[in-house]
>>> print(open('upload16.txt').read())   # compact mmCIF, C-alpha atoms
# COMPACT_ATOMS: atom_id res chain seq x y z
CA MET H 1 0.00 0.00 0.00
CA ILE H 2 2.91 2.39 0.77
CA LEU H 3 4.39 1.59 -2.62
CA ALA H 4 1.02 2.16 -4.29
CA GLY H 5 0.68 5.53 -2.60
CA ALA H 6 4.20 6.49 -3.63
CA LEU H 7 3.52 5.57 -7.25
CA ALA H 8 0.23 7.49 -7.22
CA GLY H 9 2.18 10.52 -5.92
CA LEU H 10 4.63 10.04 -8.77
CA ALA H 11 1.70 10.08 -11.20
CA GLY H 12 0.69 13.46 -9.81
CA VAL H 13 4.25 14.69 -10.21
CA THR H 14 4.40 13.76 -13.90
CA GLN H 15 1.11 15.57 -14.44
CA VAL H 16 2.36 18.79 -12.83
CA ILE H 17 6.02 19.04 -13.89
CA GLY H 18 5.86 16.90 -17.00
CA VAL H 19 2.55 17.71 -18.70
CA ASN H 20 1.08 20.97 -17.45
CA HIS H 21 4.20 22.60 -15.98
CA ARG H 22 1.96 24.21 -13.39
CA LEU H 23 -0.40 23.32 -10.57
CA PHE H 24 -3.89 24.58 -11.12
CA THR H 25 -7.42 23.75 -10.22
CA ASP H 26 -9.64 24.36 -13.19
CA GLY H 27 -12.73 24.02 -11.02
CA SER H 28 -13.86 20.97 -12.97
CA ALA H 29 -15.16 17.92 -11.18
CA THR H 30 -12.15 15.82 -11.94
CA GLY H 31 -9.55 18.41 -10.90
CA PHE H 32 -6.23 18.88 -12.63
CA THR H 33 -5.59 15.17 -12.93
CA GLY H 34 -8.55 14.81 -15.28
CA GLY H 35 -9.89 11.89 -13.29
CA ALA H 36 -6.69 9.94 -13.86
CA GLY H 37 -6.94 8.42 -10.39
CA PHE H 38 -10.23 6.65 -10.99
CA ASN H 39 -9.15 5.73 -14.49
CA GLY H 40 -5.99 4.24 -13.04
CA ILE H 41 -8.08 1.74 -11.07
CA VAL H 42 -9.91 0.79 -14.21
CA ALA H 43 -6.80 0.65 -16.37
CA ALA H 44 -5.21 -1.74 -13.86
CA LEU H 45 -8.22 -4.02 -14.19
CA PHE H 46 -8.29 -3.60 -17.96
CA GLY H 47 -4.69 -4.74 -18.13
CA GLN H 48 -5.56 -7.95 -16.22
CA LEU H 49 -3.69 -6.65 -13.13
CA HIS H 50 -0.40 -7.26 -14.95
CA PRO H 51 2.30 -4.55 -15.10
CA LEU H 52 2.82 -5.05 -18.84
CA GLY H 53 -0.90 -5.18 -19.51
CA SER H 54 -1.33 -1.84 -17.82
CA ILE H 55 0.73 -0.14 -20.56
CA PRO H 56 -1.76 -0.59 -23.43
CA ALA H 57 -4.66 -0.09 -21.00
CA SER H 58 -3.25 3.24 -19.83
CA VAL H 59 -2.65 4.32 -23.42
CA ILE H 60 -6.31 3.60 -24.25
CA PHE H 61 -7.60 5.76 -21.40
CA GLY H 62 -5.02 8.47 -22.10
CA ALA H 63 -6.19 8.53 -25.72
CA LEU H 64 -9.80 8.86 -24.57
CA ILE H 65 -8.99 11.97 -22.52
CA VAL H 66 -6.83 13.59 -25.19
CA GLY H 67 -9.44 12.78 -27.82
CA ALA H 68 -12.15 14.31 -25.62
CA ASN H 69 -10.26 17.59 -25.36
CA LYS H 70 -9.65 17.63 -29.10
CA MET H 71 -13.33 16.92 -29.79
CA GLN H 72 -14.40 19.77 -27.58
CA ARG H 73 -12.04 22.17 -29.34
CA VAL H 74 -12.84 21.10 -32.88
CA VAL H 75 -16.51 20.06 -32.97
CA GLN H 76 -17.77 21.39 -29.62
CA VAL H 77 -18.70 18.02 -28.17
CA PRO H 78 -18.50 18.44 -24.38
CA THR H 79 -15.78 16.38 -22.68
CA ALA H 80 -18.53 15.27 -20.32
CA LEU H 81 -19.55 12.81 -23.04
CA ILE H 82 -16.21 11.05 -22.63
CA THR H 83 -16.60 10.95 -18.85
CA ALA H 84 -19.95 9.24 -19.33
CA LEU H 85 -18.52 6.86 -21.96
CA ASN H 86 -15.65 6.17 -19.61
CA GLY H 87 -18.15 5.08 -16.98
CA LEU H 88 -19.83 2.76 -19.46
CA VAL H 89 -16.46 1.27 -20.46
CA VAL H 90 -15.74 0.56 -16.80
CA VAL H 91 -19.11 -1.09 -16.29
CA PHE H 92 -18.77 -3.21 -19.42
CA VAL H 93 -15.24 -4.28 -18.52
CA VAL H 94 -16.18 -5.49 -15.05
CA ALA H 95 -19.42 -7.00 -16.28
CA SER H 96 -17.65 -8.93 -19.05
CA GLU H 97 -15.76 -10.82 -16.37
CA ILE H 98 -18.68 -13.27 -16.09
CA TRP H 99 -18.34 -14.36 -19.74
CA ARG H 100 -14.65 -15.01 -19.33
CA ARG H 101 -15.38 -17.08 -16.25
CA ARG H 102 -18.11 -19.05 -18.04
CA ILE H 103 -15.92 -19.74 -21.07
CA ALA H 104 -13.08 -20.87 -18.79
CA ALA H 105 -15.43 -23.20 -16.92
CA ARG H 106 -16.75 -24.66 -20.20
CA GLU H 107 -13.24 -25.26 -21.55
CA GLU H 108 -12.23 -26.94 -18.33
CA LEU H 109 -15.26 -29.18 -18.60
CA ALA H 110 -14.47 -29.99 -22.23
CA GLN H 111 -10.90 -30.93 -21.41
CA THR H 112 -11.78 -33.39 -18.65
CA PRO H 113 -12.21 -36.93 -20.06
CA LEU H 114 -15.73 -38.31 -20.04
CA GLU H 115 -15.12 -41.02 -17.41
CA SER H 116 -13.56 -38.67 -14.87
CA ARG H 117 -16.39 -36.23 -15.49
CA LEU H 118 -18.85 -38.92 -14.49
CA THR H 119 -17.00 -39.71 -11.27
CA MET H 120 -16.72 -36.01 -10.50
CA ASP H 121 -20.46 -35.70 -10.83
CA GLY H 122 -20.94 -38.78 -8.68
CA GLU H 123 -18.79 -37.29 -5.96
CA ALA H 124 -20.67 -34.04 -6.14
CA ALA H 125 -23.95 -35.89 -5.69
CA GLU H 126 -22.68 -37.76 -2.66
CA SER H 127 -21.27 -34.77 -0.83
CA VAL U 1 -13.77 34.84 17.73
CA SER U 2 -16.12 36.44 20.26
CA ASP U 3 -18.76 36.63 17.50
CA PHE U 4 -18.68 32.87 17.42
CA LEU U 5 -20.09 32.55 20.90
CA THR U 6 -23.33 34.40 20.31
CA PRO U 7 -26.32 32.07 20.58
CA ALA U 8 -27.68 33.33 17.27
CA VAL U 9 -24.58 32.18 15.40
CA LEU U 10 -24.50 28.82 17.15
CA VAL U 11 -28.18 28.22 16.44
CA GLY U 12 -27.62 29.29 12.85
CA ILE U 13 -24.80 26.78 12.40
CA ALA U 14 -26.78 23.99 14.06
CA ALA U 15 -29.90 24.76 12.02
CA SER U 16 -27.99 24.71 8.74
CA GLY U 17 -26.32 21.50 9.92
CA ILE U 18 -29.74 19.94 10.38
CA ARG U 19 -30.83 21.18 6.96
CA LEU U 20 -27.65 20.06 5.18
CA ALA U 21 -27.96 16.54 6.61
CA THR U 22 -30.96 15.97 4.29
CA PRO U 23 -29.15 14.69 1.17
CA TYR U 24 -26.88 12.52 3.31
CA LEU U 25 -29.88 11.03 5.10
CA TYR U 26 -31.71 10.05 1.92
CA ALA U 27 -28.58 8.64 0.32
CA THR U 28 -27.35 6.79 3.41
CA ILE U 29 -30.68 5.21 4.26
CA GLY U 30 -31.02 3.95 0.70
CA GLU U 31 -27.44 2.69 0.74
CA THR U 32 -28.02 1.02 4.12
CA PHE U 33 -30.72 -1.16 2.55
CA GLY U 34 -28.45 -2.07 -0.36
CA GLN U 35 -25.51 -2.92 1.88
CA LEU U 36 -27.64 -4.88 4.35
CA SER U 37 -28.62 -7.08 1.42
CA GLY U 38 -24.93 -7.54 0.61
CA VAL U 39 -24.44 -5.13 -2.29
CA LEU U 40 -22.00 -2.23 -1.99
CA ASN U 41 -23.21 0.46 -4.38
CA LEU U 42 -20.36 2.94 -4.85
CA GLY U 43 -22.31 4.67 -7.61
CA VAL U 44 -24.43 6.70 -5.18
CA GLU U 45 -22.63 9.88 -6.22
CA GLY U 46 -23.43 9.38 -9.89
CA ILE U 47 -27.05 8.49 -9.16
CA MET U 48 -27.40 11.58 -6.98
CA LEU U 49 -26.09 13.76 -9.81
CA MET U 50 -28.52 12.24 -12.32
CA GLY U 51 -31.40 12.61 -9.84
CA ALA U 52 -30.43 16.19 -9.13
CA PHE U 53 -30.37 17.04 -12.82
CA ALA U 54 -33.63 15.23 -13.62
CA ALA U 55 -35.45 16.96 -10.77
CA PHE U 56 -33.99 20.34 -11.65
CA TYR U 57 -34.73 20.08 -15.36
CA VAL U 58 -38.31 18.88 -14.92
CA ALA U 59 -39.02 21.41 -12.17
CA LEU U 60 -37.60 24.21 -14.31
CA THR U 61 -39.47 23.33 -17.51
CA THR U 62 -42.82 22.34 -15.99
CA GLY U 63 -42.74 24.54 -12.91
CA ASN U 64 -43.99 21.59 -10.87
CA LEU U 65 -41.69 20.56 -8.02
CA TRP U 66 -43.51 17.29 -7.40
CA LEU U 67 -43.02 16.26 -11.02
CA GLY U 68 -39.35 17.08 -10.56
CA LEU U 69 -39.17 14.88 -7.50
CA LEU U 70 -40.94 12.11 -9.42
CA ALA U 71 -38.40 12.43 -12.23
CA ALA U 72 -35.56 12.05 -9.72
CA ILE U 73 -37.26 8.97 -8.26
CA VAL U 74 -37.67 7.37 -11.69
CA VAL U 75 -34.11 8.15 -12.81
CA GLY U 76 -32.67 7.04 -9.47
CA ALA U 77 -34.61 3.77 -9.50
CA ALA U 78 -33.56 3.09 -13.10
CA MET U 79 -29.90 3.58 -12.27
CA GLY U 80 -30.28 1.49 -9.12
CA LEU U 81 -31.84 -1.24 -11.25
CA ALA U 82 -28.90 -1.03 -13.66
CA MET U 83 -26.47 -1.32 -10.75
CA ALA U 84 -28.40 -4.34 -9.48
CA PHE U 85 -28.24 -5.95 -12.91
CA ILE U 86 -24.48 -5.36 -13.11
CA SER U 87 -23.70 -6.59 -9.60
CA VAL U 88 -26.31 -9.30 -9.05
CA THR U 89 -27.00 -10.82 -12.47
CA LEU U 90 -23.64 -10.16 -14.12
CA LYS U 91 -21.84 -10.67 -10.78
CA ALA U 92 -19.38 -7.87 -11.54
CA GLU U 93 -16.90 -6.61 -8.95
CA GLN U 94 -19.05 -4.19 -6.96
CA GLY U 95 -16.49 -1.53 -6.06
CA ILE U 96 -15.30 -1.05 -9.62
CA SER U 97 -18.74 -1.18 -11.23
CA GLY U 98 -19.84 1.46 -8.71
CA ILE U 99 -17.03 3.70 -9.91
CA GLY U 100 -18.27 3.09 -13.45
CA VAL U 101 -21.80 4.12 -12.47
CA TYR U 102 -20.34 7.20 -10.76
CA LEU U 103 -18.32 8.25 -13.82
CA PHE U 104 -21.37 7.67 -16.03
CA GLY U 105 -23.59 9.81 -13.81
CA LEU U 106 -20.95 12.52 -13.50
CA GLY U 107 -20.44 12.77 -17.25
CA MET U 108 -24.05 12.22 -18.29
CA SER U 109 -25.54 14.79 -15.91
CA ASP U 110 -23.00 17.37 -17.08
CA LEU U 111 -23.57 16.50 -20.74
CA LEU U 112 -27.35 16.77 -20.43
CA PHE U 113 -26.99 19.99 -18.49
CA GLN U 114 -24.81 21.56 -21.19
CA LYS U 115 -26.95 20.34 -24.07
CA MET U 116 -30.44 20.79 -22.62
CA LEU U 117 -29.97 23.93 -20.51
CA GLY U 118 -26.58 25.34 -21.34
CA ARG U 119 -26.84 28.05 -18.73
CA VAL U 120 -26.97 28.41 -14.98
CA ALA U 121 -30.55 28.83 -13.83
CA THR U 122 -32.37 28.72 -10.52
CA VAL U 123 -35.74 27.25 -9.59
CA ASN U 124 -38.03 28.20 -6.76
CA GLY U 125 -37.47 25.10 -4.69
CA PHE U 126 -39.66 23.64 -1.98
CA PRO U 127 -40.52 26.60 0.27
CA SER U 128 -39.77 26.67 3.95
CA LEU U 129 -42.74 25.27 5.82
CA PRO U 130 -42.75 26.54 9.41
CA ILE U 131 -44.82 24.33 11.68
CA PRO U 132 -47.46 26.47 13.43
CA VAL U 133 -46.88 27.25 17.13
CA LEU U 134 -43.78 25.03 17.39
CA SER U 135 -41.76 27.26 15.07
CA GLN U 136 -42.42 30.20 17.41
CA ILE U 137 -40.37 28.67 20.24
CA PRO U 138 -37.16 30.68 20.53
CA TYR U 139 -34.09 28.88 19.16
CA LEU U 140 -35.77 25.46 19.07
CA GLY U 141 -38.25 26.74 16.50
CA GLN U 142 -35.47 27.85 14.18
CA LEU U 143 -33.54 24.65 14.79
CA PHE U 144 -36.23 22.07 14.16
CA PHE U 145 -39.46 23.52 12.84
CA LYS U 146 -38.57 25.96 10.04
CA HIS U 147 -37.47 23.69 7.20
CA ASN U 148 -38.90 22.55 3.89
CA LEU U 149 -40.85 19.37 3.22
CA LEU U 150 -37.92 17.30 1.97
CA VAL U 151 -36.00 18.04 5.18
CA TYR U 152 -38.87 16.85 7.37
CA GLY U 153 -39.26 13.83 5.09
CA ALA U 154 -35.63 12.83 5.54
CA TYR U 155 -35.94 12.81 9.33
CA LEU U 156 -39.26 10.96 9.26
CA LEU U 157 -37.61 8.31 7.15
CA VAL U 158 -35.15 7.33 9.89
CA PRO U 159 -37.66 5.71 12.30
CA ILE U 160 -39.56 4.24 9.34
CA ALA U 161 -36.38 2.63 8.00
CA TRP U 162 -35.57 1.34 11.48
CA LEU U 163 -39.02 -0.22 11.77
CA VAL U 164 -38.77 -1.85 8.35
CA ILE U 165 -35.30 -3.25 9.02
CA ASN U 166 -35.93 -4.50 12.55
CA LYS U 167 -39.63 -5.23 12.87
CA THR U 168 -40.80 -6.59 9.53
CA THR U 169 -40.32 -9.81 7.60
CA TRP U 170 -38.92 -7.73 4.78
CA GLY U 171 -36.17 -6.37 6.98
CA LEU U 172 -35.36 -9.86 8.18
CA MET U 173 -35.19 -11.14 4.61
CA ILE U 174 -32.84 -8.31 3.58
CA LYS U 175 -30.57 -8.91 6.55
CA SER U 176 -30.51 -12.68 6.09
CA VAL U 177 -29.56 -12.29 2.43
CA GLY U 178 -26.73 -9.97 3.45
CA GLN U 179 -25.49 -12.22 6.25
CA ASN U 180 -25.83 -15.69 4.81
CA PRO U 181 -27.30 -15.86 1.31
CA ALA U 182 -26.99 -19.65 1.12
CA ALA U 183 -29.07 -20.13 4.27
CA ALA U 184 -31.64 -17.58 3.11
CA ASP U 185 -31.81 -19.34 -0.26
CA SER U 186 -32.36 -22.73 1.37
CA LEU U 187 -35.32 -21.27 3.26
CA GLY U 188 -36.90 -20.17 0.01
CA VAL U 189 -35.91 -16.50 0.04
CA SER U 190 -35.02 -15.34 -3.44
CA VAL U 191 -31.56 -13.84 -2.92
CA ASN U 192 -31.51 -12.13 -6.29
CA MET U 193 -34.96 -10.59 -5.92
CA VAL U 194 -34.22 -9.20 -2.46
CA ARG U 195 -30.93 -7.75 -3.68
CA TYR U 196 -32.54 -6.29 -6.79
CA LEU U 197 -35.25 -4.60 -4.72
CA SER U 198 -32.81 -3.31 -2.09
CA VAL U 199 -30.37 -1.86 -4.60
CA THR U 200 -33.14 -0.34 -6.70
CA PHE U 201 -34.59 1.23 -3.56
CA GLY U 202 -31.12 2.54 -2.74
CA GLY U 203 -30.90 4.12 -6.18
CA LEU U 204 -34.34 5.64 -5.79
CA MET U 205 -33.32 7.21 -2.49
CA SER U 206 -30.08 8.49 -4.00
CA GLY U 207 -32.18 10.14 -6.71
CA ILE U 208 -34.26 11.88 -4.02
CA ALA U 209 -31.02 12.87 -2.28
CA GLY U 210 -29.89 14.59 -5.46
CA ALA U 211 -33.29 16.22 -5.88
CA SER U 212 -33.18 17.51 -2.30
CA LEU U 213 -30.06 19.42 -3.30
CA SER U 214 -31.21 20.78 -6.63
CA ILE U 215 -34.84 21.65 -5.87
CA ALA U 216 -35.01 22.08 -2.09
CA LEU U 217 -31.69 23.22 -0.60
CA LEU U 218 -29.49 24.89 -3.25
CA ASN U 219 -32.10 25.33 -6.02
CA VAL U 220 -29.47 25.30 -8.76
CA PHE U 221 -27.78 22.71 -10.91
CA GLN U 222 -24.16 22.81 -12.03
CA GLN U 223 -21.47 20.37 -13.04
CA ASN U 224 -20.62 18.03 -10.14
CA LEU U 225 -23.23 19.63 -7.88
CA THR U 226 -22.88 16.93 -5.24
CA SER U 227 -19.06 17.25 -5.03
CA GLY U 228 -18.38 13.96 -3.29
CA MET U 229 -21.49 13.76 -1.07
CA GLY U 230 -22.35 10.33 -2.45
CA PHE U 231 -18.98 8.90 -1.47
CA ILE U 232 -19.32 10.46 1.97
CA ALA U 233 -22.74 8.82 2.21
CA VAL U 234 -21.21 5.40 1.58
CA ALA U 235 -18.64 6.08 4.30
CA LEU U 236 -21.41 7.24 6.65
CA VAL U 237 -23.18 3.90 6.26
CA TYR U 238 -20.07 2.19 7.65
CA PHE U 239 -19.79 4.90 10.29
CA GLY U 240 -23.41 4.38 11.32
CA GLY U 241 -22.90 0.66 11.75
CA TRP U 242 -25.62 -0.19 9.15
CA SER U 243 -28.36 1.16 11.39
CA PRO U 244 -30.67 4.08 10.53
CA TRP U 245 -30.06 5.76 13.89
CA GLY U 246 -26.30 5.43 13.57
CA VAL U 247 -26.53 6.80 10.07
CA LEU U 248 -28.59 9.73 11.38
CA GLY U 249 -25.88 10.51 13.93
CA GLY U 250 -23.15 10.31 11.29
CA SER U 251 -25.06 12.50 8.84
CA LEU U 252 -25.75 15.13 11.50
CA LEU U 253 -22.15 15.16 12.70
CA PHE U 254 -20.82 15.47 9.19
CA SER U 255 -23.27 18.14 8.05
CA THR U 256 -22.74 20.20 11.21
CA VAL U 257 -18.98 20.18 10.67
CA ASN U 258 -19.74 21.20 7.10
CA ALA U 259 -21.93 24.08 8.27
CA LEU U 260 -19.18 25.11 10.68
CA GLN U 261 -16.73 24.95 7.79
CA ASN U 262 -18.94 27.28 5.71
CA TRP U 263 -19.06 29.66 8.62
CA VAL U 264 -15.26 29.58 9.10
CA GLN U 265 -14.88 30.56 5.47
CA VAL U 266 -17.32 33.45 5.78
CA ALA U 267 -16.10 34.65 9.17
CA ASN U 268 -12.60 35.28 7.87
CA LEU U 269 -10.82 33.44 10.66
CA PRO U 270 -7.03 33.20 10.35
CA ILE U 271 -7.35 29.63 9.01
CA PRO U 272 -6.76 28.94 5.29
CA SER U 273 -10.14 28.10 3.80
CA ASP U 274 -8.71 24.98 2.18
CA PHE U 275 -8.07 23.55 5.62
CA ALA U 276 -11.65 24.32 6.56
CA VAL U 277 -12.85 22.52 3.43
CA MET U 278 -10.73 19.49 4.32
CA MET U 279 -12.09 19.35 7.88
CA PRO U 280 -15.19 17.20 7.24
CA TYR U 281 -13.21 14.70 5.19
CA VAL U 282 -10.45 14.38 7.79
CA LEU U 283 -13.21 13.83 10.31
CA THR U 284 -14.70 11.07 8.15
CA ILE U 285 -11.39 9.24 7.88
CA LEU U 286 -10.79 9.50 11.64
CA ALA U 287 -14.33 8.37 12.39
CA LEU U 288 -13.96 5.39 10.06
CA ILE U 289 -10.74 4.40 11.79
CA PHE U 290 -11.95 4.73 15.36
CA ALA U 291 -15.70 4.48 15.47
CA VAL U 292 -16.75 1.73 13.08
CA ARG U 293 -18.28 -1.31 14.68
CA ARG U 294 -17.28 -3.91 12.14
CA VAL U 295 -19.30 -6.53 14.01
CA ASN U 296 -22.43 -5.18 12.38
CA GLN U 297 -21.05 -5.44 8.88
CA PRO U 298 -23.14 -7.77 6.71
CA ALA U 299 -21.03 -10.89 6.29
CA ALA U 300 -21.79 -11.21 2.58
CA LEU U 301 -21.17 -7.55 1.73
CA THR U 302 -19.60 -7.25 -1.78
CA LYS U 303 -19.80 -11.04 -2.19
CA THR U 304 -21.74 -12.33 -5.14
CA TYR U 305 -23.97 -15.32 -4.59
CA GLU U 306 -24.25 -18.32 -6.83
CA ARG U 307 -26.30 -21.33 -5.89
CA GLY U 308 -24.11 -24.35 -5.11
CA GLU U 309 -20.92 -22.39 -4.62
CA SER U 310 -19.09 -22.40 -1.27
>>> encode(input="upload16.txt", output="structure tokens")
Amino acid sequence: MILAGALAGLAGVTQVIGVNHRLFTDGSATGFTGGAGFNGIVAALFGQLHPLGSIPASVIFGALIVGANKMQRVVQVPTALITALNGLVVVFVVASEIWRRRIAAREELAQTPLESRLTMDGEAAES
Amino acid sequence: VSDFLTPAVLVGIAASGIRLATPYLYATIGETFGQLSGVLNLGVEGIMLMGAFAAFYVALTTGNLWLGLLAAIVVGAAMGLAMAFISVTLKAEQGISGIGVYLFGLGMSDLLFQKMLGRVATVNGFPSLPIPVLSQIPYLGQLFFKHNLLVYGAYLLVPIAWLVINKTTWGLMIKSVGQNPAAADSLGVSVNMVRYLSVTFGGLMSGIAGASLSIALLNVFQQNLTSGMGFIAVALVYFGGWSPWGVLGGSLLFSTVNALQNWVQVANLPIPSDFAVMMPYVLTILALIFAVRRVNQPAALTKTYERGES
């Protein structure tokens, strides 16, 4: 947890001295991090909780935010749309977990030979 | 500092504390039902924002506050239902899906606000409704009997919620599903139905909580109107030990500190206002560390239930 806090602090540092070069509060709901904290949780999940997986996941969410700003500048679509979409992405990602689990369970069942499957069922009935 | 000690100021702070507890009360009581049934809905904040916008928009365009409240109820229940579908039927991780619901509500309410209104407006919210005779009592009258309907409603809800949770079969069913879903299931209680109803009710109440802000207390809508109240509400449910009375105490404590914080900002004390703003949140963290009675926590909170597992 200490390490996680330290890394989150580092994320704030890159935002201030690497991206914006200043500390400001723009008064928006997500503050100067642009909601990166919440997105970080989601990106971690998106990348299957694997350090390497988090790289493409972070790029996807980064692209969403940059694209949102660009859209607002060019075609006047509010960035709020992306926040809402972001929420939907999160919900769909966590909700899709059930399909992965079901497919895994089915494959496991398919790989067990027929005889052992029968005994497994028999055991289950006894217990 | 001597100004601080006048009774008028103290009563003013306490009265606004009582008034400001309203959104917390609605949201926490709804969330209490959801959590007692074993579902942690972190999306309260997003649902509150959607409810606040729905109520504000309908009240502004039709001029009817009750229609606005109804809109908040419908929107809140719909989002609660969605959360129930995600967490009960799809068995998604509750904490994360709640954040998703929050982000959706945050973005969607802002988007609709910009596209459908596009300007800051105010409505004439629920008017103050002084109770005859009682509101004439010095100090006490201002404290307790000069509020609007939604404020009275929030406080009435506390004993009602307590009765439902502790004295009815429904309350027993909700608690049993939250404590031991397998046992409840074996006795013929439909775990999924109870959870669906509890979470939908929680969403409905969060919608009212948002409406109480936008058409009864502040009478405006803006981006991120609730500014973290929904998350505080979730914390207050823990703080209150999953009981309506505990939740009432937590809401009052928190809103009074908030009212005090507003006053510190206005009174120009030699304290940076940012510290004053942080005060309620620091208090919440301390309270969660020292005051939570984990014994009361529903054993199956955040755990999905599948028949035949475990």
>>> residues_near_point(input="upload16.txt", point="(-11.1, 12.5, -22.2)", cutoff="12 Å", atoms="all atoms listed in the file", output="VMD selection string")
(chain H and resid 30 33 to 36 39 59 to 72 77 to 87) or (chain U and resid 103 107)
>>> atom_distance(input="upload16.txt", atom1="CA of Ser273 (chain U)", atom2="CA of Gly246 (chain U)")
29.5 Å
>>> interface_residues(input="upload16.txt", of="chain U", to="chain H", cutoff="6 Å", atoms="only C-alpha atoms", output="list of chain:residue names")
U:Leu90, U:Ala92, U:Ser97, U:Gly100, U:Val101, U:Leu103, U:Phe104, U:Gly107, U:Met108, U:Asp110, U:Leu111, U:Asn224
>>> write_last_selection(input="upload16.txt", atoms="C-alpha atoms", output="PDB file, keeping the file's coordinate frame")
ATOM      1  CA  LEU U  90     -23.640 -10.160 -14.120  1.00  0.00           C
ATOM      2  CA  ALA U  92     -19.380  -7.870 -11.540  1.00  0.00           C
ATOM      3  CA  SER U  97     -18.740  -1.180 -11.230  1.00  0.00           C
ATOM      4  CA  GLY U 100     -18.270   3.090 -13.450  1.00  0.00           C
ATOM      5  CA  VAL U 101     -21.800   4.120 -12.470  1.00  0.00           C
ATOM      6  CA  LEU U 103     -18.320   8.250 -13.820  1.00  0.00           C
ATOM      7  CA  PHE U 104     -21.370   7.670 -16.030  1.00  0.00           C
ATOM      8  CA  GLY U 107     -20.440  12.770 -17.250  1.00  0.00           C
ATOM      9  CA  MET U 108     -24.050  12.220 -18.290  1.00  0.00           C
ATOM     10  CA  ASP U 110     -23.000  17.370 -17.080  1.00  0.00           C
ATOM     11  CA  LEU U 111     -23.570  16.500 -20.740  1.00  0.00           C
ATOM     12  CA  ASN U 224     -20.620  18.030 -10.140  1.00  0.00           C
TER      13      ASN U 224
END
>>> atom_distance(input="upload16.txt", atom1="CA of Glu93 (chain U)", atom2="CA of Tyr26 (chain U)")
24.8 Å
>>> residues_around(input="upload16.txt", residues="Gly249 (chain U)", least_positions_apart="6", cutoff="12 Å", atoms="only C-alpha atoms", output="list in words")
Gly17, Ile18, Ala21, Tyr24, Leu25, Thr28, Tyr155, Val158, Leu236, Val237, Tyr238, Phe239, Gly240, Gly241, Trp242, Ser243, Ser255, Thr256, Ala287 and Ala291 of chain U
>>> residues_around(input="upload16.txt", residues="Leu129 (chain U)", least_positions_apart="6", cutoff="8 Å", atoms="all atoms listed in the file", output="list in words")
Phe145, Lys146, His147, Asn148 and Leu149 of chain U
>>> write_last_selection(input="upload16.txt", atoms="C-alpha atoms", output="PDB file, in the coordinates of the input")
ATOM      1  CA  PHE U 145     -39.460  23.520  12.840  1.00  0.00           C
ATOM      2  CA  LYS U 146     -38.570  25.960  10.040  1.00  0.00           C
ATOM      3  CA  HIS U 147     -37.470  23.690   7.200  1.00  0.00           C
ATOM      4  CA  ASN U 148     -38.900  22.550   3.890  1.00  0.00           C
ATOM      5  CA  LEU U 149     -40.850  19.370   3.220  1.00  0.00           C
TER       6      LEU U 149
END
